[in-house]
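Raw my_file18.tsv, TSV, C-alpha atoms:
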chain	number	residue	atom	x	y	z
A	4	TYR	CA	0.00	0.00	0.00
A	5	ALA	CA	2.81	2.38	0.88
A	6	LYS	CA	4.60	1.65	-2.39
A	7	GLN	CA	1.46	2.00	-4.48
A	8	ASN	CA	0.61	5.33	-2.88
A	9	ASN	CA	4.18	6.62	-2.79
A	10	ILE	CA	4.18	6.88	1.02
A	11	HIS	CA	7.58	7.03	2.69
A	12	TYR	CA	7.96	4.54	5.53
A	13	PHE	CA	10.61	2.98	7.76
A	14	LYS	CA	11.37	-0.65	8.60
A	15	ASP	CA	12.09	-1.37	12.25
A	16	VAL	CA	15.27	-3.44	12.44
A	17	THR	CA	13.70	-5.57	15.21
A	18	ASN	CA	10.86	-6.78	12.97
A	19	ARG	CA	12.88	-9.72	11.67
A	20	SER	CA	14.59	-10.59	14.98
A	21	ASN	CA	13.29	-13.79	16.55
A	22	ALA	CA	14.51	-12.62	19.95
A	23	TYR	CA	11.00	-11.14	20.42
A	24	GLU	CA	7.95	-13.32	21.01
A	25	ARG	CA	5.74	-11.46	18.55
A	26	ASN	CA	8.30	-12.03	15.80
A	27	ARG	CA	8.77	-15.72	16.58
A	28	ILE	CA	5.01	-16.16	16.24
A	29	ARG	CA	4.92	-14.17	13.00
A	30	ASN	CA	8.07	-15.58	11.42
A	31	GLN	CA	8.12	-19.21	12.63
A	32	ILE	CA	4.81	-20.41	14.06
A	33	ILE	CA	2.24	-18.89	11.69
A	34	PRO	CA	4.00	-20.17	8.51
A	35	LEU	CA	3.95	-23.71	9.98
A	36	VAL	CA	0.26	-23.42	10.90
A	37	HIS	CA	-0.54	-22.08	7.42
A	38	LYS	CA	1.37	-24.97	5.82
A	39	GLU	CA	-0.68	-27.52	7.80
A	40	ASN	CA	-3.99	-25.76	7.24
A	41	PRO	CA	-4.19	-22.85	4.77
A	42	ARG	CA	-7.70	-22.09	6.11
A	43	TYR	CA	-6.56	-21.82	9.74
A	44	LEU	CA	-7.91	-18.25	10.02
A	45	GLU	CA	-11.45	-19.47	9.29
A	46	ALA	CA	-11.11	-22.11	12.03
A	47	PHE	CA	-9.77	-19.53	14.44
A	48	GLU	CA	-12.63	-17.13	13.70
A	49	ARG	CA	-15.23	-19.89	14.27
A	50	HIS	CA	-13.57	-20.77	17.58
A	51	MET	CA	-13.68	-17.13	18.72
A	52	GLU	CA	-17.36	-16.92	17.79
A	53	PHE	CA	-18.06	-19.89	20.08
A	54	VAL	CA	-15.97	-18.30	22.86
A	55	ASN	CA	-17.84	-15.00	22.56
A	56	GLU	CA	-21.23	-16.75	22.59
A	57	ALA	CA	-20.22	-18.74	25.69
A	58	GLU	CA	-19.07	-15.55	27.42
A	59	GLN	CA	-22.41	-13.90	26.63
A	60	LEU	CA	-24.30	-16.85	28.11
A	61	ILE	CA	-22.22	-16.63	31.30
A	62	LYS	CA	-22.95	-12.89	31.59
A	63	GLU	CA	-26.67	-13.55	31.15
A	64	LYS	CA	-26.53	-16.22	33.88
A	65	ILE	CA	-24.89	-13.73	36.26
A	66	ASP	CA	-27.57	-11.14	35.49
A	67	THR	CA	-30.42	-13.56	36.21
A	68	LEU	CA	-29.30	-15.27	39.44
A	69	PRO	CA	-30.51	-13.23	42.46
A	70	ASP	CA	-27.38	-13.72	44.58
A	71	LEU	CA	-25.13	-12.72	41.73
A	72	THR	CA	-26.74	-9.32	41.29
A	73	LYS	CA	-26.06	-8.33	44.91
A	74	ASP	CA	-22.92	-6.43	45.88
A	75	ARG	CA	-22.25	-8.80	48.79
A	76	MET	CA	-21.76	-12.41	47.73
A	77	PRO	CA	-22.32	-15.41	50.04
A	78	LEU	CA	-19.27	-17.65	49.81
A	79	LYS	CA	-21.45	-20.75	49.76
A	80	THR	CA	-23.18	-19.49	46.62
A	81	TYR	CA	-19.92	-18.34	45.04
A	82	PHE	CA	-18.19	-21.72	45.38
A	83	SER	CA	-21.26	-23.57	44.11
A	84	LEU	CA	-20.63	-21.93	40.72
A	85	PRO	CA	-18.33	-23.32	38.00
A	86	ARG	CA	-14.89	-21.74	37.98
A	87	ILE	CA	-15.50	-19.89	34.71
A	88	VAL	CA	-18.67	-18.30	36.14
A	89	ARG	CA	-16.80	-17.26	39.31
A	90	HIS	CA	-14.17	-15.59	37.15
A	91	GLN	CA	-16.79	-13.70	35.15
A	92	TYR	CA	-18.65	-12.69	38.31
A	93	LEU	CA	-15.52	-10.98	39.68
A	94	GLN	CA	-14.86	-9.29	36.35
A	95	THR	CA	-18.48	-8.09	36.13
A	96	HIS	CA	-18.23	-6.41	39.53
A	97	LEU	CA	-14.90	-4.86	38.60
A	98	ASP	CA	-16.65	-3.36	35.58
A	99	LYS	CA	-19.45	-2.03	37.82
A	100	LEU	CA	-16.85	-0.16	39.86
A	101	ASN	CA	-15.39	1.31	36.66
A	102	ALA	CA	-12.07	-0.28	37.45
A	103	GLU	CA	-11.11	-0.45	33.76
A	104	SER	CA	-9.05	-3.49	34.60
A	105	SER	CA	-9.06	-6.99	33.19
A	106	LEU	CA	-8.84	-9.72	35.80
A	107	GLY	CA	-6.19	-12.09	34.50
A	108	TYR	CA	-6.56	-15.81	35.08
A	109	HIS	CA	-3.65	-16.14	37.52
A	110	HIS	CA	-4.89	-13.11	39.48
A	111	PHE	CA	-8.33	-14.69	39.60
A	112	LEU	CA	-6.88	-17.98	40.91
A	113	SER	CA	-5.05	-16.10	43.67
A	114	ILE	CA	-8.28	-14.38	44.78
A	115	ASP	CA	-10.22	-17.62	44.50
A	116	GLN	CA	-7.75	-19.42	46.77
A	117	GLN	CA	-7.82	-16.60	49.33
A	118	LEU	CA	-11.61	-16.66	49.44
A	119	ASN	CA	-11.49	-20.39	50.15
A	120	THR	CA	-9.60	-19.86	53.44
A	121	GLN	CA	-11.06	-19.35	56.92
A	122	SER	CA	-9.44	-15.95	57.49
A	123	ASN	CA	-11.05	-12.56	57.01
A	124	PHE	CA	-8.99	-10.19	54.89
A	125	VAL	CA	-8.82	-7.09	52.74
A	126	TYR	CA	-7.15	-7.90	49.40
A	127	PRO	CA	-5.84	-5.04	47.20
A	128	LEU	CA	-6.90	-5.28	43.57
A	129	LYS	CA	-5.94	-1.95	42.02
A	130	ASP	CA	-5.26	1.54	43.42
A	131	SER	CA	-8.05	2.08	45.99
A	132	LEU	CA	-10.04	-0.96	44.84
A	133	THR	CA	-10.15	-3.79	47.37
A	134	ILE	CA	-11.96	-7.07	47.95
A	135	HIS	CA	-13.20	-7.72	51.49
A	136	LYS	CA	-13.85	-11.19	52.92
A	137	GLU	CA	-15.97	-11.04	56.06
A	138	TYR	CA	-16.85	-14.42	57.55
A	139	ASP	CA	-19.28	-16.09	55.12
A	140	THR	CA	-19.52	-13.27	52.53
A	141	PHE	CA	-17.29	-11.01	50.45
A	142	TYR	CA	-17.64	-7.81	48.44
A	143	MET	CA	-15.62	-5.34	46.38
A	144	LYS	CA	-15.15	-1.72	47.32
A	145	ASP	CA	-13.59	1.34	45.73
A	146	SER	CA	-12.68	3.92	48.35
A	147	PRO	CA	-9.62	5.88	49.48
A	148	PRO	CA	-7.70	4.44	52.43
A	149	ASN	CA	-8.96	5.39	55.88
A	150	THR	CA	-7.26	8.40	57.43
A	151	PRO	CA	-6.55	7.68	61.11
A	152	CYS	CA	-8.41	9.99	63.49
A	153	LEU	CA	-6.65	11.44	66.56
A	154	LEU	CA	-8.22	14.16	68.68
A	155	ASN	CA	-6.59	15.14	71.98
A	156	ILE	CA	-9.02	16.30	74.67
A	157	ASN	CA	-7.67	18.29	77.62
A	158	SER	CA	-10.81	20.02	78.90
A	159	GLN	CA	-14.55	20.36	78.52
A	160	GLY	CA	-15.79	21.79	75.26
A	161	ILE	CA	-16.98	21.08	71.73
A	162	TYR	CA	-14.62	19.20	69.44
A	163	THR	CA	-15.24	18.93	65.69
A	164	ILE	CA	-14.36	15.47	64.39
A	165	ASN	CA	-15.31	15.89	60.74
A	166	GLU	CA	-17.93	17.66	58.64
A	167	ASN	CA	-20.64	15.37	60.00
A	168	LEU	CA	-19.77	14.76	63.66
A	169	ARG	CA	-18.77	16.63	66.77
A	170	LEU	CA	-17.90	15.54	70.29
A	171	ILE	CA	-19.21	17.44	73.31
A	172	ILE	CA	-17.57	17.14	76.76
A	173	SER	CA	-19.64	18.77	79.52
A	174	LYS	CA	-20.48	18.58	83.22
A	175	LYS	CA	-24.12	19.13	82.31
A	176	LYS	CA	-26.22	16.47	80.70
A	177	LYS	CA	-27.67	17.47	77.37
A	178	ASN	CA	-31.43	17.99	77.52
A	179	HIS	CA	-32.08	17.29	73.89
A	180	LYS	CA	-31.66	13.90	72.32
A	181	THR	CA	-28.11	13.23	71.21
A	182	PHE	CA	-26.86	10.84	68.59
A	183	LYS	CA	-24.91	8.81	71.19
A	184	SER	CA	-23.91	9.68	74.76
A	185	PHE	CA	-21.83	8.32	77.63
A	186	GLU	CA	-21.40	9.13	81.33
A	187	LEU	CA	-17.77	9.15	82.40
A	188	TRP	CA	-16.89	9.02	86.10
A	189	TYR	CA	-13.73	11.00	86.61
A	190	ASN	CA	-11.29	12.67	88.95
A	191	ASN	CA	-8.73	15.42	88.41
A	192	LYS	CA	-6.52	13.02	86.44
A	193	VAL	CA	-9.14	12.12	83.82
A	194	TYR	CA	-7.42	14.28	81.20
A	195	PRO	CA	-5.93	13.99	78.69
A	196	LEU	CA	-8.42	11.89	76.77
A	197	GLN	CA	-8.18	10.87	73.14
A	198	PHE	CA	-10.88	10.37	70.53
A	199	ARG	CA	-9.36	8.27	67.80
A	200	THR	CA	-9.33	5.14	65.69
A	201	ARG	CA	-7.85	1.94	67.10
A	202	ALA	CA	-4.17	1.37	67.82
A	203	GLN	CA	-2.01	-1.58	68.83
A	204	GLY	CA	-2.37	-2.46	72.49
A	205	ASP	CA	-5.92	-1.11	72.95
A	206	TYR	CA	-8.02	-2.93	75.54
A	207	ILE	CA	-11.37	-2.78	77.33
A	208	GLN	CA	-11.81	-3.32	81.07
A	209	PHE	CA	-14.82	-5.51	81.89
A	210	SER	CA	-16.03	-6.69	85.31
A	211	TYR	CA	-14.45	-10.09	84.65
A	212	GLY	CA	-11.12	-8.65	83.51
A	213	ARG	CA	-9.24	-6.99	80.70
A	214	LYS	CA	-9.78	-7.93	77.04
A	215	LYS	CA	-7.79	-6.86	74.00
A	216	LEU	CA	-9.84	-4.80	71.56
A	217	LYS	CA	-8.73	-7.03	68.69
A	218	ASP	CA	-10.06	-10.14	70.47
A	219	TYR	CA	-13.32	-8.40	71.40
A	220	LEU	CA	-13.98	-7.34	67.79
A	221	ILE	CA	-13.24	-10.81	66.45
A	222	GLU	CA	-15.46	-12.52	69.05
A	223	ASN	CA	-18.33	-10.18	68.19
A	224	LYS	CA	-17.79	-10.65	64.44
A	225	ILE	CA	-17.15	-7.00	63.68
A	226	SER	CA	-16.05	-6.90	60.04
A	227	PRO	CA	-12.39	-6.07	59.28
A	228	ALA	CA	-13.39	-3.01	57.25
A	229	LYS	CA	-15.46	-1.63	60.14
A	230	ARG	CA	-12.74	-2.24	62.76
A	231	ASP	CA	-10.49	0.44	61.29
A	232	GLN	CA	-13.37	2.93	61.09
A	233	LEU	CA	-14.54	2.64	64.70
A	234	LEU	CA	-14.08	5.80	66.78
A	235	LEU	CA	-12.93	5.28	70.36
A	236	LEU	CA	-12.79	7.45	73.48
A	237	THR	CA	-9.60	6.43	75.25
A	238	ARG	CA	-7.21	7.25	78.03
A	239	GLY	CA	-3.93	5.94	76.70
A	240	SER	CA	-4.49	2.33	75.61
A	241	LYS	CA	-7.58	1.89	77.79
A	242	ILE	CA	-10.80	2.24	75.84
A	243	LEU	CA	-13.47	4.11	77.76
A	244	TRP	CA	-16.21	4.12	75.14
A	245	ILE	CA	-16.97	2.81	71.64
A	246	PRO	CA	-20.00	4.85	70.46
A	247	GLU	CA	-20.81	2.76	67.40
A	248	LEU	CA	-20.99	-0.46	69.44
A	249	ARG	CA	-22.41	1.16	72.61
A	250	VAL	CA	-19.67	-0.52	74.64
A	251	SER	CA	-17.74	1.02	77.54
A	252	SER	CA	-15.13	-0.03	80.09
A	253	ILE	CA	-16.07	-0.56	83.73
A	254	GLN	CA	-15.11	2.49	85.80
A	255	ASN	CA	-14.15	3.31	89.37
A	256	GLU	CA	-16.99	5.53	90.47
A	257	THR	CA	-16.33	8.96	92.01
A	258	LYS	CA	-18.68	11.76	92.98
A	259	GLN	CA	-18.02	13.61	89.74
A	260	VAL	CA	-19.40	12.85	86.31
A	261	ILE	CA	-18.78	14.36	82.90
A	262	TYR	CA	-21.05	13.73	79.95
A	263	VAL	CA	-19.62	12.81	76.58
A	264	SER	CA	-21.95	13.19	73.60
A	265	LEU	CA	-21.42	12.35	69.95
A	266	GLU	CA	-23.71	14.44	67.76
A	267	CYS	CA	-24.48	14.84	64.10
A	268	ILE	CA	-23.83	18.34	62.76
Translate this file's structure into structure tokens.
Amino acid sequence: YAKQNNIHYFKDVTNRSNAYERNRIRNQIIPLVHKENPRYLEAFERHMEFVNEAEQLIKEKIDTLPDLTKDRMPLKTYFSLPRIVRHQYLQTHLDKLNAESSLGYHHFLSIDQQLNTQSNFVYPLKDSLTIHKEYDTFYMKDSPPNTPCLLNINSQGIYTINENLRLIISKKKKNHKTFKSFELWYNNKVYPLQFRTRAQGDYIQFSYGRKKLKDYLIENKISPAKRDQLLLLTRGSKILWIPELRVSSIQNETKQVIYVSLECI
């Protein structure tokens, strides 16, 4: 075409080098295939038509099964499916999250094996995209990593946590209904307090003894994703209050009480 239309062009010197896979296929393999079957392209095209039709049937199956249309997949249902359907299910949900990423077969096998273990986990797929296994279900999520929260509290007052929440420390009980509240018995050494996300070594003091936060969350089947989002009122490593779970440590009562309220802005 270039010669016929008098178009100047260049030949890449690597085009004839069999050091590259693409050239070995072009220069060595395809001529052999053509020699054995001059109509090999027709056979290849028919094969690809069958593959595309099979892929379409799998996609239709995923769209019609109730459990497969949900964002959270029961593991029992997932592993009852043929391997090729499981692969397509994961790819379909990647597409829903606009991941613009093809799930390669070896990557799929790695995820499949992880999901078949007893452990909960968060598995990175791409950038902020992750797959979360939580007990007997799993789901995919696209969100930025959690930013740890740390708010030091040295006195009574109103503390802004984020654009949606604020923490109020007061000696007077709020008259109006609060989002969540807690009565903290205290003495002059109650401060400083911290309002933060979890850290290594955190524990809760119950009437029967001390329990590590990690063990408490596992025993109560709090999902791994939620564990890192929980906000805690602490004094050092001792957790005084977990608003989301309505859990608090046992306290040594004194005559003084301060009221801690978590409110929506």
For this session: Identify, on the basis of all atoms listed in the file, every residue whose closest approach to A:Arg199 does not exceed 10 Å; exclude the query and any residue fewer than 6 positions from it along the same chain; express the result as a PyMOL selection string.
Result: chain A and resi 151-155+164+232-237
Find the nearest atom pair between each residue of stretch 200-227 of chain A and stretch 116-127 of chain A for residues within 12 Å, count all atoms listed in the file, give distances in Å to one decimal, sort rows by chain and ascending number, and present the table as a Markdown table.
| residue | atom | partner | partner_atom | distance |
| --- | --- | --- | --- | --- |
| A:Ile221 | CA | A:Asn123 | CA | 9.8 |
| A:Lys224 | CA | A:Asn123 | CA | 10.2 |
| A:Ile225 | CA | A:Asn123 | CA | 10.6 |
| A:Ser226 | CA | A:Asn123 | CA | 8.1 |
| A:Pro227 | CA | A:Phe124 | CA | 6.9 |
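Between A:Phe209 and the candidates A:Trp244, A:Tyr262, A:Tyr194, A:Phe185, the tightest atom-to-atom separation, counting all atoms listed in the file, involves A:Trp244.
If you measure from each of A:Val263, A:Ala22, A:Asp98, A:Thr80 to A:Gln159 using only C-alpha atoms, the closest one turns out to be A:Val263.
With atom CA of A:Arg238 on one side and atom CA of A:Gln208 on the other, the separation reads 11.9 Å.
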Computed gap from atom CA of A:Tyr162 to atom CA of A:Gly239 is 18.5 Å
Step by step: start from the point (-11.0, 15.9, 78.6) in the file's coordinates, keep every protein, DNA or RNA residue that has an atom no farther than 7 Å from it, count only C-alpha atoms, and write the set as a PDB file with C-alpha atoms, in the frame of the given file.
ATOM      1  CA  ILE A 156      -9.020  16.300  74.670  1.00  0.00           C
ATOM      2  CA  ASN A 157      -7.670  18.290  77.620  1.00  0.00           C
ATOM      3  CA  SER A 158     -10.810  20.020  78.900  1.00  0.00           C
ATOM      4  CA  GLN A 159     -14.550  20.360  78.520  1.00  0.00           C
ATOM      5  CA  ILE A 172     -17.570  17.140  76.760  1.00  0.00           C
ATOM      6  CA  VAL A 193      -9.140  12.120  83.820  1.00  0.00           C
ATOM      7  CA  TYR A 194      -7.420  14.280  81.200  1.00  0.00           C
ATOM      8  CA  PRO A 195      -5.930  13.990  78.690  1.00  0.00           C
ATOM      9  CA  LEU A 196      -8.420  11.890  76.770  1.00  0.00           C
TER      10      LEU A 196
END
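One distance worth recording is that between atom CA of A:Lys38 and atom CA of A:Arg25, which is 19.1 Å.
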